[in-house]
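A.B. asks: Enclosed is the structure file final-v8.txt (compact mmCIF, C-alpha atoms).
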```txt
# COMPACT_ATOMS: atom_id res chain seq x y z
CA MET B 1 -92.15 31.95 57.52
CA PRO B 2 -88.63 32.78 56.23
CA SER B 3 -88.04 36.24 54.75
CA ALA B 4 -87.34 37.00 51.07
CA CYS B 5 -83.69 37.94 51.80
CA ALA B 6 -82.95 34.57 53.34
CA VAL B 7 -84.38 32.73 50.33
CA THR B 8 -82.32 34.80 47.92
CA ALA B 9 -79.11 34.14 49.86
CA ALA B 10 -79.69 30.40 49.86
CA ALA B 11 -80.29 30.39 46.11
CA ALA B 12 -77.07 32.32 45.47
CA ALA B 13 -75.09 29.86 47.61
CA VAL B 14 -76.45 26.93 45.60
CA MET B 15 -75.52 28.60 42.29
CA ALA B 16 -72.00 29.34 43.52
CA ALA B 17 -71.48 25.74 44.55
CA ARG B 18 -72.52 24.56 41.07
CA CYS B 19 -70.19 26.97 39.38
CA VAL B 20 -67.25 25.74 41.48
CA LYS B 21 -67.97 22.14 40.56
CA LEU B 22 -68.23 23.06 36.85
CA VAL B 23 -64.89 24.88 36.95
CA ARG B 24 -63.17 21.97 38.64
CA ARG B 25 -64.44 19.61 35.95
CA SER B 26 -63.20 21.92 33.14
CA LEU B 27 -59.64 22.44 34.48
CA PRO B 28 -58.14 19.13 33.24
CA ALA B 29 -59.39 19.73 29.67
CA LEU B 30 -58.10 23.34 29.68
CA ALA B 31 -54.70 22.24 30.96
CA LEU B 32 -54.50 19.61 28.25
CA SER B 33 -55.30 22.15 25.53
CA LEU B 34 -52.58 24.51 26.78
CA ARG B 35 -49.82 21.88 26.64
CA PRO B 36 -47.35 22.41 23.69
CA CYS B 37 -47.61 20.03 20.76
CA PRO B 38 -44.56 17.70 20.55
CA ARG B 39 -44.74 17.67 16.74
CA LEU B 40 -44.49 21.47 16.50
CA LEU B 41 -41.57 21.47 18.93
CA CYS B 42 -39.71 18.92 16.82
CA THR B 43 -40.29 20.93 13.60
CA ALA B 44 -39.00 24.12 15.18
CA THR B 45 -35.98 22.29 16.55
CA ARG B 46 -35.17 20.83 13.12
CA GLN B 47 -35.45 24.28 11.42
CA LYS B 48 -33.12 25.86 13.98
CA SER B 49 -30.61 23.06 13.51
CA SER B 50 -30.77 23.41 9.72
CA GLY B 51 -30.10 27.17 9.96
CA GLN B 52 -27.11 26.61 12.18
CA ASN B 53 -25.78 23.94 9.81
CA LEU B 54 -26.13 26.33 6.81
CA GLU B 55 -24.25 29.06 8.64
CA GLU B 56 -21.51 26.61 9.58
CA ASP B 57 -21.27 25.35 5.98
CA ALA B 58 -21.04 28.93 4.68
CA GLY B 59 -18.32 29.69 7.19
CA HIS B 60 -16.40 26.58 6.19
CA GLY B 61 -16.83 27.53 2.49
CA GLU B 62 -15.37 30.97 3.10
CA GLN B 63 -12.50 29.46 5.01
CA LYS B 64 -11.85 26.97 2.22
CA ALA B 65 -11.52 29.77 -0.51
CA GLU B 66 -7.99 29.44 -1.78
CA PRO B 67 -5.76 32.52 -2.34
CA PRO B 68 -4.83 33.38 -5.98
CA SER B 69 -1.88 31.49 -7.37
CA PRO B 70 1.52 33.23 -7.76
CA ASP B 71 1.32 32.87 -11.56
CA LYS B 72 -1.95 34.77 -11.71
CA VAL B 73 -0.52 37.51 -9.49
CA LEU B 74 2.52 37.81 -11.75
CA LEU B 75 0.38 37.96 -14.90
CA ASP B 76 -1.80 40.71 -13.42
CA GLU B 77 1.29 42.68 -12.40
CA LYS B 78 2.78 42.21 -15.87
CA ALA B 79 -0.39 43.51 -17.52
CA LYS B 80 -0.38 46.60 -15.28
CA LEU B 81 3.29 47.30 -16.03
CA GLU B 82 2.75 46.90 -19.78
CA GLU B 83 -0.16 49.35 -19.65
CA GLN B 84 1.96 51.86 -17.73
CA LEU B 85 4.79 51.41 -20.25
CA ARG B 86 2.44 52.00 -23.17
CA GLU B 87 1.07 55.19 -21.61
CA THR B 88 4.60 56.40 -20.83
CA MET B 89 5.74 55.76 -24.42
CA GLU B 90 2.74 57.66 -25.82
CA LYS B 91 3.49 60.63 -23.57
CA TYR B 92 7.16 60.47 -24.59
CA LYS B 93 6.29 60.44 -28.31
CA ARG B 94 3.90 63.37 -27.89
CA ALA B 95 6.58 65.30 -26.01
CA LEU B 96 9.08 64.58 -28.80
CA ALA B 97 6.59 65.77 -31.44
CA ASP B 98 5.84 68.95 -29.50
CA THR B 99 9.55 69.62 -29.06
CA GLU B 100 10.21 69.12 -32.76
CA ASN B 101 7.34 71.44 -33.72
CA LEU B 102 8.64 74.06 -31.32
CA ARG B 103 12.15 73.72 -32.76
CA GLN B 104 10.86 74.12 -36.32
CA ARG B 105 8.75 77.15 -35.41
CA SER B 106 11.68 78.74 -33.60
CA GLN B 107 13.98 78.05 -36.53
CA LYS B 108 11.43 79.57 -38.91
CA LEU B 109 11.12 82.68 -36.75
CA VAL B 110 14.89 83.04 -36.60
CA GLU B 111 15.15 82.63 -40.37
CA GLU B 112 12.40 85.20 -40.99
CA ALA B 113 14.06 87.59 -38.57
CA ARG B 114 17.33 87.18 -40.45
CA LEU B 115 15.69 87.69 -43.85
CA TYR B 116 13.16 90.39 -43.04
CA GLY B 117 14.83 92.10 -40.08
CA ILE B 118 16.10 94.79 -42.45
CA GLN B 119 12.63 95.41 -43.89
CA GLY B 120 12.19 98.79 -42.18
CA PHE B 121 15.69 99.89 -43.21
CA CYS B 122 15.04 98.85 -46.80
CA LYS B 123 11.81 100.86 -46.96
CA ASP B 124 13.72 103.97 -45.90
CA LEU B 125 16.38 103.33 -48.54
CA LEU B 126 13.72 102.98 -51.23
CA GLU B 127 12.82 106.62 -50.80
CA VAL B 128 16.47 107.53 -51.40
CA ALA B 129 16.56 105.35 -54.52
CA ASP B 130 13.36 107.01 -55.80
CA ILE B 131 14.80 110.50 -55.34
CA LEU B 132 18.04 109.50 -57.07
CA GLU B 133 16.07 108.05 -60.01
CA LYS B 134 13.98 111.19 -60.35
CA ALA B 135 17.14 113.33 -60.25
CA THR B 136 18.68 111.23 -63.03
CA GLU B 137 15.54 111.44 -65.17
CA SER B 138 15.33 115.20 -64.71
CA VAL B 139 18.66 115.81 -66.47
CA PRO B 140 18.04 116.84 -70.12
CA GLN B 141 19.78 114.38 -72.41
CA GLU B 142 20.56 117.07 -74.99
CA GLU B 143 22.51 118.99 -72.37
CA VAL B 144 24.80 116.08 -71.59
CA ARG B 145 27.66 117.01 -73.97
CA ASP B 146 31.37 117.14 -73.89
CA ASP B 147 31.29 120.90 -73.96
CA ASN B 148 29.31 120.78 -70.70
CA PRO B 149 31.66 118.60 -68.63
CA HIS B 150 30.22 119.52 -65.23
CA LEU B 151 26.68 118.40 -66.10
CA LYS B 152 28.02 115.36 -67.88
CA SER B 153 30.08 114.30 -64.86
CA LEU B 154 27.12 114.91 -62.54
CA TYR B 155 24.85 112.81 -64.73
CA GLU B 156 27.34 109.97 -64.98
CA GLY B 157 27.79 110.09 -61.20
CA LEU B 158 24.04 109.79 -60.72
CA LEU B 159 23.92 106.78 -63.04
CA LEU B 160 26.79 105.06 -61.24
CA THR B 161 25.23 105.73 -57.83
CA GLY B 162 21.87 104.34 -58.94
CA ALA B 163 23.51 101.21 -60.38
CA GLN B 164 25.48 100.67 -57.16
CA ILE B 165 22.35 101.04 -55.03
CA GLN B 166 20.55 98.44 -57.14
CA LYS B 167 23.56 96.12 -56.81
CA VAL B 168 23.43 96.43 -53.01
CA PHE B 169 19.68 95.85 -53.06
CA THR B 170 20.13 92.66 -55.10
CA LYS B 171 22.85 91.44 -52.75
CA HIS B 172 20.45 91.61 -49.80
CA GLY B 173 17.47 90.07 -51.64
CA LEU B 174 15.73 93.31 -52.60
CA LEU B 175 14.54 93.17 -56.21
CA ARG B 176 13.13 95.99 -58.33
CA LEU B 177 9.66 95.59 -59.88
CA ASP B 178 9.11 97.46 -63.16
CA PRO B 179 6.04 95.69 -64.62
CA LEU B 180 5.48 97.81 -67.72
CA GLY B 181 3.59 95.65 -70.25
CA ALA B 182 3.24 92.73 -67.81
CA ARG B 183 -0.02 91.19 -66.64
CA PHE B 184 -1.53 92.98 -63.67
CA ASP B 185 -0.82 91.08 -60.43
CA PRO B 186 -2.74 92.30 -57.35
CA TYR B 187 -0.06 90.81 -55.08
CA GLU B 188 2.71 92.89 -56.64
CA HIS B 189 0.92 95.86 -58.24
CA GLU B 190 -1.43 98.55 -57.07
CA ALA B 191 -3.75 99.98 -59.72
CA LEU B 192 -4.06 103.75 -59.60
CA PHE B 193 -6.34 104.05 -62.62
CA HIS B 194 -7.67 102.18 -65.67
CA THR B 195 -7.24 103.56 -69.14
CA PRO B 196 -7.91 102.35 -72.69
CA ALA B 197 -4.80 101.79 -74.78
CA GLU B 198 -4.71 100.81 -78.44
CA GLY B 199 -2.63 97.79 -79.30
CA LYS B 200 -2.36 96.62 -75.70
CA GLU B 201 -4.16 93.71 -74.11
CA PRO B 202 -6.72 94.58 -71.43
CA GLY B 203 -5.53 93.75 -67.93
CA THR B 204 -1.89 94.60 -68.64
CA VAL B 205 0.14 97.44 -67.15
CA ALA B 206 0.10 100.51 -69.38
CA LEU B 207 2.04 102.92 -67.16
CA VAL B 208 4.30 102.61 -64.11
CA SER B 209 4.01 105.60 -61.81
CA LYS B 210 6.40 104.23 -59.17
CA VAL B 211 8.39 101.02 -59.28
CA GLY B 212 7.90 98.37 -56.63
CA TYR B 213 10.26 96.13 -54.68
CA LYS B 214 10.25 92.58 -53.29
CA LEU B 215 12.35 91.42 -50.34
CA HIS B 216 13.20 87.69 -50.55
CA GLY B 217 10.07 86.99 -52.54
CA ARG B 218 7.78 89.05 -50.29
CA THR B 219 6.31 92.24 -51.70
CA LEU B 220 7.87 95.10 -49.78
CA ARG B 221 6.25 97.84 -51.82
CA PRO B 222 3.78 97.27 -54.67
CA ALA B 223 4.37 99.04 -57.96
CA LEU B 224 1.92 101.88 -58.60
CA VAL B 225 0.56 101.32 -62.09
CA GLY B 226 -2.13 102.20 -64.60
CA VAL B 227 -4.00 99.21 -66.07
CA VAL B 228 -5.34 98.83 -69.61
CA LYS B 229 -9.09 98.40 -69.79
CA GLU B 230 -11.32 97.31 -72.65
CA ALA B 231 -12.27 100.08 -75.01
```
Please render this file's structure as structure tokens.
C.D. replies:
Amino acid sequence: MPSACAVTAAAAAVMAARCVKLVRRSLPALALSLRPCPRLLCTATRQKSSGQNLEEDAGHGEQKAEPPSPDKVLLDEKAKLEEQLRETMEKYKRALADTENLRQRSQKLVEEARLYGIQGFCKDLLEVADILEKATESVPQEEVRDDNPHLKSLYEGLLLTGAQIQKVFTKHGLLRLDPLGARFDPYEHEALFHTPAEGKEPGTVALVSKVGYKLHGRTLRPALVGVVKEA
């Protein structure tokens, strides 16, 4: 009686033989399924050819692009030159305007220096004129007689000197301001006090304490005055 091991081995050999036969029968069908489809290969080939044709057409299109015509190049260059000319003319006009403004300002400064350069000197001379005027006013009129020739000569000398000083002042544009009875002007007068005055209009100058002066229309020293106020 055969053993159990021998029976098992025989059964395994039979099963292996069946499996080999089954595999051999399945190989042709498997090989057929793994073969590439001719239709898919044709589609892929056509797509590749179309892509190459598009690239070639694009390359030919780029090669066929014509360069700009000479007329267009000249027109573009003309437009650029006209723009540069316009900018240059604007800069030139601005430079001319700035130069003219500078010339006018310089001329004005020179003119003011010529007119008002003696301003400090004139202020010093005004003090001399004030002292001379006070000296003239301090001489008693009743003492100026022919029997007092020395005082009379001194007084007449003071008057002549004062008149000559005023003539020199006028020659150089320095005018005397004696606004007694005139309307108060804050640009030419300086109010020291306000006082009521009968028969005089309020806002007018009632008393001049010190005369003023103007140099070429500019107030050099305001007149010191008393102004009439309403009663």
A.B. asks: Within 8 Å of (-4.4, 92.3, -63.1) in the file's own coordinates, which protein, DNA or RNA residues have an atom, counting only C-alpha atoms? List them as a list in words.
C.D. replies: Arg183, Phe184, Asp185, Pro186, Gly203, Thr204, Val205 and Val227 of chain B
A.B. asks: Of the candidates B:Lys214, B:His172, B:Arg94, B:Arg221, which one gets nearest to Arg114 of chain B if we count all atoms listed in the file?
C.D. replies: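 Checking each of B:Lys214, B:His172, B:Arg94, B:Arg221 against Arg114 of chain B, counting all atoms listed in the file, the winner is B:His172.
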A.B. asks: Between atom CA of Val168 of chain B and atom CA of Leu126 of chain B, what distance in Å does the model show, to one decimal?
C.D. replies: 11.8 Å
A.B. asks: Between atom CA of Leu224 of chain B and atom CA of Leu160 of chain B, what is the spacing in Å?
C.D. replies: 25.2 Å
A.B. asks: Can you work out which one of B:Val128, B:Leu81, B:Leu115, B:Leu158 has the shortest atom-to-atom distance to Leu215 of chain B, counting all atoms listed in the file?
C.D. replies: B:Leu115
